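Source file: entry.cif. Holds: mmCIF, C-alpha atoms.
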data_final
loop_
_atom_site.group_PDB
_atom_site.id
_atom_site.type_symbol
_atom_site.label_atom_id
_atom_site.label_comp_id
_atom_site.auth_asym_id
_atom_site.auth_seq_id
_atom_site.Cartn_x
_atom_site.Cartn_y
_atom_site.Cartn_z
ATOM 1 C CA MET A 52 132.806 1.742 75.847
ATOM 2 C CA SER A 53 130.188 -0.434 77.487
ATOM 3 C CA THR A 54 127.115 1.366 78.794
ATOM 4 C CA CYS A 55 123.964 0.187 80.532
ATOM 5 C CA ALA A 56 122.080 0.679 77.239
ATOM 6 C CA SER A 57 124.532 -1.272 75.106
ATOM 7 C CA LEU A 58 124.637 -4.134 77.608
ATOM 8 C CA SER A 59 120.841 -4.305 77.903
ATOM 9 C CA SER A 60 120.585 -4.452 74.127
ATOM 10 C CA GLU A 61 123.282 -7.134 73.851
ATOM 11 C CA LEU A 62 121.398 -9.233 76.410
ATOM 12 C CA SER A 63 118.119 -8.750 74.483
ATOM 13 C CA GLU A 64 116.343 -7.508 77.595
ATOM 14 C CA PRO A 65 112.635 -7.096 76.762
ATOM 15 C CA LEU A 66 111.253 -3.575 76.383
ATOM 16 C CA VAL A 67 107.710 -4.682 77.180
ATOM 17 C CA ALA A 68 106.218 -3.622 80.521
ATOM 18 C CA THR A 69 109.074 -1.308 81.494
ATOM 19 C CA ALA A 70 107.292 2.055 81.164
ATOM 20 C CA ALA A 71 107.144 4.359 84.173
ATOM 21 C CA THR A 72 103.724 4.119 85.800
ATOM 22 C CA ALA A 73 101.868 7.407 86.133
ATOM 23 C CA THR A 74 98.204 8.028 85.545
ATOM 24 C CA SER A 75 99.020 11.721 85.041
ATOM 25 C CA TRP A 76 102.105 13.806 84.203
ATOM 26 C CA LEU A 77 102.939 17.333 85.321
ATOM 27 C CA LEU A 78 105.648 18.682 83.008
ATOM 28 C CA VAL A 79 107.220 22.002 83.930
ATOM 29 C CA GLU A 80 109.482 23.981 81.613
ATOM 30 C CA GLN A 81 112.793 24.744 83.304
ATOM 31 C CA ASN A 82 115.711 25.947 81.212
ATOM 32 C CA GLY A 83 119.362 25.622 82.095
ATOM 33 C CA PRO A 84 121.229 22.603 83.457
ATOM 34 C CA TRP A 85 119.645 19.723 85.365
ATOM 35 C CA GLY A 86 121.205 17.665 88.123
ATOM 36 C CA ALA A 87 120.637 13.966 88.735
ATOM 37 C CA LYS A 88 117.627 14.803 90.925
ATOM 38 C CA ALA A 89 116.442 17.637 88.759
ATOM 39 C CA LEU A 90 113.544 18.905 90.879
ATOM 40 C CA GLY A 91 116.067 19.907 93.535
ATOM 41 C CA GLU A 92 119.099 20.423 91.314
ATOM 42 C CA SER A 93 118.278 22.974 88.622
ATOM 43 C CA HIS A 94 117.335 26.637 88.316
ATOM 44 C CA LEU A 95 113.960 25.639 89.741
ATOM 45 C CA ASP A 96 113.829 26.752 93.370
ATOM 46 C CA ALA A 97 114.800 23.642 95.355
ATOM 47 C CA ALA A 98 112.111 24.203 97.981
ATOM 48 C CA VAL A 99 109.435 24.445 95.275
ATOM 49 C CA GLY A 100 110.790 21.302 93.624
ATOM 50 C CA ARG A 101 110.626 19.360 96.878
ATOM 51 C CA ALA A 102 107.117 20.644 97.565
ATOM 52 C CA LEU A 103 105.897 19.597 94.102
ATOM 53 C CA GLU A 104 107.386 16.148 94.588
ATOM 54 C CA ALA A 105 105.749 15.826 98.012
ATOM 55 C CA ALA A 106 102.377 17.017 96.689
ATOM 56 C CA ALA A 107 102.469 14.412 93.918
ATOM 57 C CA ALA A 108 103.490 11.489 96.138
ATOM 58 C CA GLY A 109 100.877 8.747 96.193
ATOM 59 C CA THR A 110 98.508 10.518 93.791
ATOM 60 C CA GLY A 111 99.543 8.845 90.532
ATOM 61 C CA VAL A 112 100.990 12.135 89.261
ATOM 62 C CA ARG A 113 104.607 12.176 88.089
ATOM 63 C CA VAL A 114 106.414 15.528 87.994
ATOM 64 C CA ALA A 115 109.241 16.146 85.510
ATOM 65 C CA LEU A 116 111.080 19.120 84.047
ATOM 66 C CA ILE A 117 111.168 19.835 80.322
ATOM 67 C CA ARG A 118 113.108 22.150 78.018
ATOM 68 C CA ARG A 119 113.453 22.705 74.298
ATOM 69 C CA PRO A 120 116.225 20.774 72.487
ATOM 70 C CA GLY A 121 119.507 22.571 71.878
ATOM 71 C CA ARG A 122 122.316 24.127 73.885
ATOM 72 C CA HIS A 123 121.474 24.771 77.533
ATOM 73 C CA ALA A 124 123.798 27.432 78.912
ATOM 74 C CA ASP A 125 123.819 28.055 82.643
ATOM 75 C CA CYS A 126 121.611 31.082 82.202
ATOM 76 C CA LEU A 127 119.168 32.912 84.403
ATOM 77 C CA PRO A 128 115.621 31.524 84.721
ATOM 78 C CA ALA A 129 113.142 32.507 82.011
ATOM 79 C CA ALA A 130 110.363 34.959 82.767
ATOM 80 C CA GLY A 131 107.649 32.330 82.268
ATOM 81 C CA HIS A 132 107.286 28.561 82.316
ATOM 82 C CA GLU A 133 105.261 26.426 79.923
ATOM 83 C CA VAL A 134 103.338 23.712 81.793
ATOM 84 C CA ILE A 135 101.838 20.564 80.267
ATOM 85 C CA VAL A 136 99.495 18.341 82.281
ATOM 86 C CA ALA A 137 98.379 15.022 80.829
ATOM 87 C CA HIS A 138 96.180 12.142 81.959
ATOM 88 C CA THR A 139 97.191 8.909 80.228
ATOM 89 C CA VAL A 140 94.673 6.230 81.200
ATOM 90 C CA PRO A 141 93.467 4.863 77.812
ATOM 91 C CA GLY A 142 89.986 5.948 76.867
ATOM 92 C CA ARG A 143 90.014 8.768 79.414
ATOM 93 C CA GLY A 144 93.113 10.710 78.429
ATOM 94 C CA TRP A 145 93.556 14.455 77.941
ATOM 95 C CA VAL A 146 96.325 17.034 77.637
ATOM 96 C CA ARG A 147 96.094 20.570 79.044
ATOM 97 C CA ARG A 148 98.649 23.351 78.995
ATOM 98 C CA ALA A 149 99.251 26.803 80.419
ATOM 99 C CA SER A 150 101.997 29.322 81.060
ATOM 100 C CA VAL A 151 102.806 30.330 84.641
ATOM 101 C CA ALA A 152 105.015 33.078 86.005
ATOM 102 C CA GLY A 153 106.603 30.669 88.451
ATOM 103 C CA PRO A 154 106.329 26.938 89.248
ATOM 104 C CA ALA A 155 105.243 27.751 92.819
ATOM 105 C CA GLU A 156 101.817 28.534 91.345
ATOM 106 C CA LEU A 157 101.428 24.805 90.628
ATOM 107 C CA LEU A 158 101.358 23.984 94.329
ATOM 108 C CA GLY A 159 97.753 25.160 94.290
ATOM 109 C CA LEU A 160 96.727 22.279 92.018
ATOM 110 C CA ASP A 161 94.645 19.403 93.377
ATOM 111 C CA PHE A 162 97.122 16.585 92.758
ATOM 112 C CA ALA A 163 94.749 13.848 93.938
ATOM 113 C CA ALA A 164 92.163 15.025 91.415
ATOM 114 C CA LEU A 165 94.764 15.197 88.634
ATOM 115 C CA GLY A 166 95.774 11.635 89.401
ATOM 116 C CA VAL A 167 92.256 10.317 88.777
ATOM 117 C CA GLY A 168 91.773 12.399 85.635
ATOM 118 C CA ASP A 169 90.094 15.596 86.858
ATOM 119 C CA HIS A 170 92.017 18.601 85.529
ATOM 120 C CA GLY A 171 89.799 21.104 87.335
ATOM 121 C CA GLY A 172 89.829 23.472 84.372
ATOM 122 C CA PHE A 173 93.589 23.974 84.434
ATOM 123 C CA GLY A 174 94.894 25.829 81.399
ATOM 124 C CA ALA A 175 93.508 25.090 77.956
ATOM 125 C CA GLU A 176 93.129 21.928 75.919
ATOM 126 C CA HIS A 177 96.187 21.016 73.865
ATOM 127 C CA VAL A 178 95.589 21.397 70.152
ATOM 128 C CA GLY A 179 97.925 20.160 67.463
ATOM 129 C CA GLY A 180 99.978 17.046 66.922
ATOM 130 C CA PRO A 181 101.711 14.666 69.316
ATOM 131 C CA VAL A 182 104.040 15.931 72.028
ATOM 132 C CA ALA A 183 107.338 14.028 72.086
ATOM 133 C CA LEU A 184 109.292 13.889 75.359
ATOM 134 C CA VAL A 185 112.822 12.524 74.975
ATOM 135 C CA CYS A 186 114.845 11.708 78.087
ATOM 136 C CA THR A 187 118.169 13.581 77.922
ATOM 137 C CA ASN A 188 119.355 14.046 81.520
ATOM 138 C CA GLY A 189 123.011 13.037 81.354
ATOM 139 C CA ARG A 190 123.525 13.860 85.017
ATOM 140 C CA ARG A 191 121.136 11.022 85.816
ATOM 141 C CA ASP A 192 122.583 8.612 83.266
ATOM 142 C CA ARG A 193 125.099 9.254 80.503
ATOM 143 C CA CYS A 194 123.140 7.105 78.037
ATOM 144 C CA CYS A 195 120.305 9.638 78.103
ATOM 145 C CA ALA A 196 122.670 12.415 77.048
ATOM 146 C CA LEU A 197 124.723 10.402 74.549
ATOM 147 C CA LEU A 198 121.697 8.866 72.841
ATOM 148 C CA GLY A 199 118.727 11.027 73.827
ATOM 149 C CA ARG A 200 119.977 14.520 73.022
ATOM 150 C CA PRO A 201 120.886 13.772 69.379
ATOM 151 C CA LEU A 202 117.485 12.130 68.882
ATOM 152 C CA ALA A 203 115.626 15.113 70.367
ATOM 153 C CA ALA A 204 117.623 17.511 68.208
ATOM 154 C CA GLU A 205 116.950 15.551 65.026
ATOM 155 C CA LEU A 206 113.223 15.231 65.703
ATOM 156 C CA ALA A 207 112.986 18.956 66.437
ATOM 157 C CA ALA A 208 114.899 19.835 63.275
ATOM 158 C CA ALA A 209 112.658 17.561 61.202
ATOM 159 C CA GLY A 210 109.562 19.368 62.434
ATOM 160 C CA HIS A 211 107.507 16.199 62.753
ATOM 161 C CA SER A 212 106.138 17.014 66.187
ATOM 162 C CA GLU A 213 106.397 19.246 69.216
ATOM 163 C CA VAL A 214 109.590 18.024 70.865
ATOM 164 C CA TRP A 215 110.847 18.534 74.416
ATOM 165 C CA GLU A 216 113.744 17.160 76.397
ATOM 166 C CA VAL A 217 112.617 15.677 79.723
ATOM 167 C CA THR A 218 114.471 14.933 82.945
ATOM 168 C CA HIS A 219 113.479 11.359 83.676
ATOM 169 C CA LEU A 220 111.333 8.642 82.118
ATOM 170 C CA GLY A 221 112.908 5.647 83.878
ATOM 171 C CA GLY A 222 114.703 2.787 82.168
ATOM 172 C CA HIS A 223 117.985 4.483 81.233
ATOM 173 C CA ARG A 224 119.232 1.169 79.860
ATOM 174 C CA PHE A 225 116.615 1.397 77.103
ATOM 175 C CA SER A 226 117.946 4.742 75.828
ATOM 176 C CA PRO A 227 117.059 6.609 73.798
ATOM 177 C CA THR A 228 113.616 6.633 75.405
ATOM 178 C CA MET A 229 110.595 8.732 74.527
ATOM 179 C CA LEU A 230 107.132 9.294 75.988
ATOM 180 C CA VAL A 231 104.474 10.478 73.554
ATOM 181 C CA LEU A 232 101.375 12.456 74.460
ATOM 182 C CA PRO A 233 98.399 12.456 74.303
ATOM 183 C CA TYR A 234 98.319 8.692 74.828
ATOM 184 C CA GLY A 235 101.198 8.169 77.250
ATOM 185 C CA TYR A 236 103.000 5.340 75.454
ATOM 186 C CA ALA A 237 106.699 5.031 76.213
ATOM 187 C CA TYR A 238 109.206 3.735 73.668
ATOM 188 C CA GLY A 239 112.815 2.607 73.878
ATOM 189 C CA ARG A 240 115.915 1.833 71.798
ATOM 190 C CA LEU A 241 114.709 4.323 69.229
ATOM 191 C CA THR A 242 116.402 5.460 66.063
ATOM 192 C CA ALA A 243 115.467 8.682 64.312
ATOM 193 C CA GLU A 244 113.519 6.651 61.752
ATOM 194 C CA SER A 245 111.604 4.569 64.296
ATOM 195 C CA ALA A 246 110.859 7.648 66.416
ATOM 196 C CA LYS A 247 109.366 9.410 63.395
ATOM 197 C CA GLU A 248 107.310 6.288 62.701
ATOM 198 C CA VAL A 249 106.017 6.419 66.287
ATOM 199 C CA LEU A 250 105.046 10.080 65.966
ATOM 200 C CA ALA A 251 103.257 9.498 62.662
ATOM 201 C CA ALA A 252 101.349 6.554 64.149
ATOM 202 C CA THR A 253 100.434 8.574 67.253
ATOM 203 C CA ALA A 254 99.057 11.375 65.097
ATOM 204 C CA ALA A 255 96.778 8.777 63.472
ATOM 205 C CA GLY A 256 95.621 7.368 66.840
ATOM 206 C CA HIS A 257 97.820 4.262 66.804
ATOM 207 C CA MET A 258 100.774 2.900 68.763
ATOM 208 C CA VAL A 259 103.822 0.957 67.490
ATOM 209 C CA PRO A 260 104.260 -2.385 69.321
ATOM 210 C CA ALA A 261 107.800 -3.083 68.085
ATOM 211 C CA ARG A 262 109.436 -0.356 70.210
ATOM 212 C CA ALA A 263 106.764 0.045 72.883
ATOM 213 C CA ARG A 264 107.614 -0.180 76.577
ATOM 214 C CA GLY A 265 103.992 0.241 77.610
ATOM 215 C CA CYS A 266 101.367 2.852 78.422
ATOM 216 C CA SER A 267 102.149 4.787 81.591
ATOM 217 C CA GLY A 268 98.469 4.765 82.510
ATOM 218 C CA TRP A 269 98.666 1.031 83.260
ATOM 219 C CA GLU A 270 100.690 -0.706 85.956
ATOM 220 C CA ARG A 271 103.404 -3.034 84.693
ATOM 221 C CA PRO A 272 101.345 -6.293 84.732
ATOM 222 C CA GLY A 273 98.703 -4.490 82.685
ATOM 223 C CA GLN A 274 101.339 -3.217 80.259
ATOM 224 C CA ALA A 275 102.495 -6.792 79.679
ATOM 225 C CA ALA A 276 98.953 -8.084 79.202
ATOM 226 C CA GLU A 277 97.994 -5.307 76.806
ATOM 227 C CA HIS A 278 101.067 -5.960 74.676
ATOM 228 C CA ALA A 279 100.340 -9.703 74.561
ATOM 229 C CA VAL A 280 96.810 -9.091 73.300
ATOM 230 C CA ARG A 281 98.040 -6.580 70.733
ATOM 231 C CA GLU A 282 100.556 -9.139 69.464
ATOM 232 C CA ALA A 283 97.868 -11.811 69.270
ATOM 233 C CA THR A 284 95.324 -9.640 67.460
ATOM 234 C CA GLY A 285 97.402 -7.084 65.547
ATOM 235 C CA GLU A 286 95.361 -4.285 67.128
ATOM 236 C CA THR A 287 97.295 -0.976 67.274
ATOM 237 C CA ARG A 288 94.579 1.639 67.879
ATOM 238 C CA VAL A 289 95.446 3.278 71.168
ATOM 239 C CA ASP A 290 91.992 3.409 72.723
ATOM 240 C CA ALA A 291 90.709 0.037 71.467
ATOM 241 C CA LEU A 292 91.696 -1.832 74.651
ATOM 242 C CA THR A 293 90.921 -1.349 78.328
ATOM 243 C CA LEU A 294 91.894 -3.621 81.183
ATOM 244 C CA ALA A 295 91.543 -4.543 84.830
ATOM 245 C CA GLN A 296 94.086 -6.490 86.843
ATOM 246 C CA ARG A 297 93.886 -8.405 90.095
ATOM 247 C CA PRO A 298 96.527 -10.213 92.162
ATOM 248 C CA ASP A 299 96.706 -13.978 91.797
ATOM 249 C CA GLY A 300 99.315 -14.845 94.415
ATOM 250 C CA GLU A 301 102.747 -13.454 95.164
ATOM 251 C CA GLY A 302 104.243 -11.822 92.070
ATOM 252 C CA ARG A 303 101.410 -12.980 89.824
ATOM 253 C CA TRP A 304 98.362 -11.284 88.294
ATOM 254 C CA LEU A 305 95.325 -12.086 86.189
ATOM 255 C CA VAL A 306 94.550 -9.248 83.788
ATOM 256 C CA THR A 307 91.267 -8.980 81.915
ATOM 257 C CA VAL A 308 91.694 -7.122 78.624
ATOM 258 C CA LEU A 309 88.563 -5.815 76.910
ATOM 259 C CA HIS A 310 88.281 -4.769 73.265
ATOM 260 C CA GLU A 311 85.809 -2.079 72.293
ATOM 261 C CA ASP A 312 84.111 -4.580 69.954
ATOM 262 C CA GLY A 313 83.185 -6.831 72.893
ATOM 263 C CA ARG A 314 85.986 -9.384 72.740
ATOM 264 C CA ALA A 315 87.795 -10.166 75.974
ATOM 265 C CA TRP A 316 90.882 -12.057 77.131
ATOM 266 C CA GLU A 317 92.317 -13.196 80.436
ATOM 267 C CA VAL A 318 96.089 -12.864 80.619
ATOM 268 C CA ASP A 319 98.229 -14.600 83.237
ATOM 269 C CA VAL A 320 101.264 -12.453 84.143
ATOM 270 C CA ILE A 321 104.117 -13.347 86.480
ATOM 271 C CA GLU A 322 107.023 -11.249 87.739
ATOM 272 C CA GLY A 323 110.493 -12.596 87.102
ATOM 273 C CA ALA A 324 114.065 -11.327 86.974
ATOM 274 C CA SER A 325 116.291 -10.588 84.008
ATOM 275 C CA GLU A 326 119.414 -12.733 84.030
ATOM 276 C CA PRO A 327 122.368 -12.494 84.038
ATOM 277 C CA ALA A 328 122.947 -9.523 86.330
ATOM 278 C CA ARG A 329 123.477 -6.155 84.634
ATOM 279 C CA PRO A 330 123.494 -2.516 85.803
ATOM 280 C CA GLU A 331 120.110 -0.812 85.599
ATOM 281 C CA SER A 332 121.939 2.475 85.134
ATOM 282 C CA CYS A 333 125.506 3.462 84.278
ATOM 283 C CA GLY A 334 127.684 3.520 87.383
ATOM 284 C CA LYS A 335 125.357 1.341 89.446
ATOM 285 C CA ALA A 336 126.164 -2.144 90.711
ATOM 286 C CA ALA A 337 124.920 -5.040 88.621
ATOM 287 C CA GLY A 338 121.533 -6.446 89.521
ATOM 288 C CA MET A 339 118.697 -8.458 88.020
ATOM 289 C CA PRO A 340 115.918 -6.050 87.015
ATOM 290 C CA SER A 341 112.327 -7.103 87.459
ATOM 291 C CA ARG A 342 110.490 -8.216 84.326
ATOM 292 C CA MET A 343 106.887 -9.156 83.550
ATOM 293 C CA ASP A 344 106.348 -12.432 81.706
ATOM 294 C CA VAL A 345 103.068 -13.538 80.123
ATOM 295 C CA LEU A 346 102.270 -17.183 80.846
ATOM 296 C CA SER A 347 99.043 -17.442 78.851
ATOM 297 C CA VAL A 348 96.427 -15.484 76.915
ATOM 298 C CA ARG A 349 92.944 -16.994 77.024
ATOM 299 C CA GLY A 350 89.918 -15.737 75.100
ATOM 300 C CA LEU A 351 86.788 -15.241 77.182
#

Can you dump the structure from the file as structure tokens?
Amino acid sequence: MSTCASLSSELSEPLVATAATATSWLLVEQNGPWGAKALGESHLDAAVGRALEAAAAGTGVRVALIRRPGRHADCLPAAGHEVIVAHTVPGRGWVRRASVAGPAELLGLDFAALGVGDHGGFGAEHVGGPVALVCTNGRRDRCCALLGRPLAAELAAAGHSEVWEVTHLGGHRFSPTMLVLPYGYAYGRLTAESAKEVLAATAAGHMVPARARGCSGWERPGQAAEHAVREATGETRVDALTLAQRPDGEGRWLVTVLHEDGRAWEVDVIEGASEPARPESCGKAAGMPSRMDVLSVRGL
């Protein structure tokens, strides 16, 4: 059976610069089933879900639902909800967490402040190892259920990290996909072995370029530029690089990448299209997804 993930892999579509862009994540525990648009199609009150989505719009905050791996019977809502908030801009990241009686309490958060990295004292600092978020929402795309749920279950059983299923990370065709906190790097086409490698590297303050889609704290041109510099230098420490991008014409950017040791590079990035046409998600019409191509990397 052909799926969007199998076709993307067969066509060797690049993983680089395909991570969802979000400077901050608001992750809300919600047990039970999820619909395709989970914030309005789950046991979470639909009005609260819509209000959270509206509050986050334009702030850089991305809201998603999470649950523990395993069977998810259509049960009544739990008494409390674990909440994880993370800021993922490299060099300025943090993870905070709290438990709330109901998600409506989160509407009192300052979403604009969260988006720029001000947590306002919410909850307590996360302590412990990496937090693994594996996309498993089969109602959104069957690849996430077929490939993501077994991966989440195996990682949880192995005890290598704190593991959650998550509603949506974007890029279904790269399933199984995973976002790892505290650094916000997204990964795709994972196996159990490569996912464990990612979690071990994250615990040591490194990222794994081979499966990386990019850091959600950067926009897609920046993700492409960062990856190009990492390939050129072999640098894998997560906070070693910072960057700034500026437009350089239609669909083109110049990205300055700075290393903490003082080195700097200018990276020329252009937006193209992946050919031939393929569905970006199972059940959707074929199209040519946007891709970011690096034209040059120049030392400054």

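When the PyMOL selection byres ((chain A and resi 230-232) around 7) is evaluated against the file, it yields Pro181, Val182, Ala183, Leu184, Val185, Met229, Pro233, Tyr234, Gly235, Tyr236, Ala237 and Tyr238 of chain A.
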
TODO: Can you turn the PyMOL selection byres ((chain A and resi 349) around 10) into a concrete residue list for this file, as a list in words?
DONE: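 So the PyMOL selection byres ((chain A and resi 349) around 10), applied here, picks out Val280, Thr307, Ala315, Trp316, Glu317, Val318, Asp319, Ser347, Val348, Gly350 and Leu351 of chain A.
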
Task: Atom-to-atom span, atom CA of A:Leu77 and atom CA of A:Ala149, Å - done: 11.3 Å

Open item on the list: Using all atoms listed in the file - which residues lie no farther than 10 Å from the point (93.7, 18.9, 85.4) in the file's frame? Write them as a ChimeraX atom specification.
Closed with: /A:75-77,135-138,145-148,160-176

Task: Residue nearest A:Glu248 - candidates A:Arg271, A:Leu206, A:Arg264, A:Arg342, atoms counted: all atoms listed in the file - done: A:Leu206

Open item on the list: Taking (118.8, -11.7, 82.8) in the coordinates of the supplied file, I want to know which residues reach to within 12 Å of it, counting only C-alpha atoms; could you give the answer as a list in words?
Closed with: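 Answer for this query, in the requested form: Leu58, Ser59, Ser60, Glu61, Leu62, Ser63, Glu64, Pro65, Gly323, Ala324, Ser325, Glu326, Pro327, Ala328, Arg329, Pro330, Glu331, Ala337, Gly338, Met339, Pro340, Ser341 and Arg342 of chain A.
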
- [ ] Could you tell me which residues the PyMOL selection byres ((chain A and resi 223) around 12) returns for this structure, as a VMD selection string?
- [x] chain A and resid 54 to 60 66 69 to 71 185 to 199 218 to 222 224 to 229 238 to 240 330 to 335

Task: Shortest interatomic distance to A:Trp215 - which of A:Glu92, A:Glu133, A:Glu244, A:Asp290, counting all atoms listed in the file - done: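 Checking each of A:Glu92, A:Glu133, A:Glu244, A:Asp290 against A:Trp215, counting all atoms listed in the file, the winner is A:Glu133.
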
Kindly list the centre and edge lengths in Å, rounded to one decimal, for the axis-aligned box that covers all listed atoms of stretch 161-173 of chain A plus 6 Å on each of its six sides, as lines of an AutoDock Vina configuration file.
center_x = 93.5
center_y = 17.1
center_z = 89.2
size_x = 19.3
size_y = 25.7
size_z = 21.6

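In this structure, atom CA of A:Lys247 sits 7.1 Å away from atom CA of A:His211.
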
Open item on the list: List as a ChimeraX atom specification the protein and nucleic acid residues near stretch 83-91 of chain A, meaning an atom at most 12 Å away when all atoms listed in the file are counted, but skip any in the same chain fewer than 5 places from it.
Closed with: /A:78,96-105,113-129,154,186-193,195-196,216-219

TODO: Give the answer as one residue: which of A:Ala251, A:Glu282, A:Ile321, A:Thr287 has the shortest atom-to-atom distance to A:Gly300, using all atoms listed in the file?
DONE: A:Ile321

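Candidate residues A:Gln81, A:Gly285, A:His177, A:Ala106 were compared for distance to A:His94, and the nearest is A:Gln81, using all atoms listed in the file.
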
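Closest approach to A:Val249 among A:Arg297, A:Gly273, A:Ser212, A:Gly142 is made by A:Ser212 (distances from all atoms listed in the file).
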
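Atom CA of A:Thr139 to atom CA of A:Trp269 spans 8.6 Å [interatomic distance, one decimal].
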
Open item on the list: I'd like to know which of A:Gly159, A:Gly180, A:Gly144, A:Gly313 is closest to A:Gly210, using only C-alpha atoms.
Closed with: A:Gly180
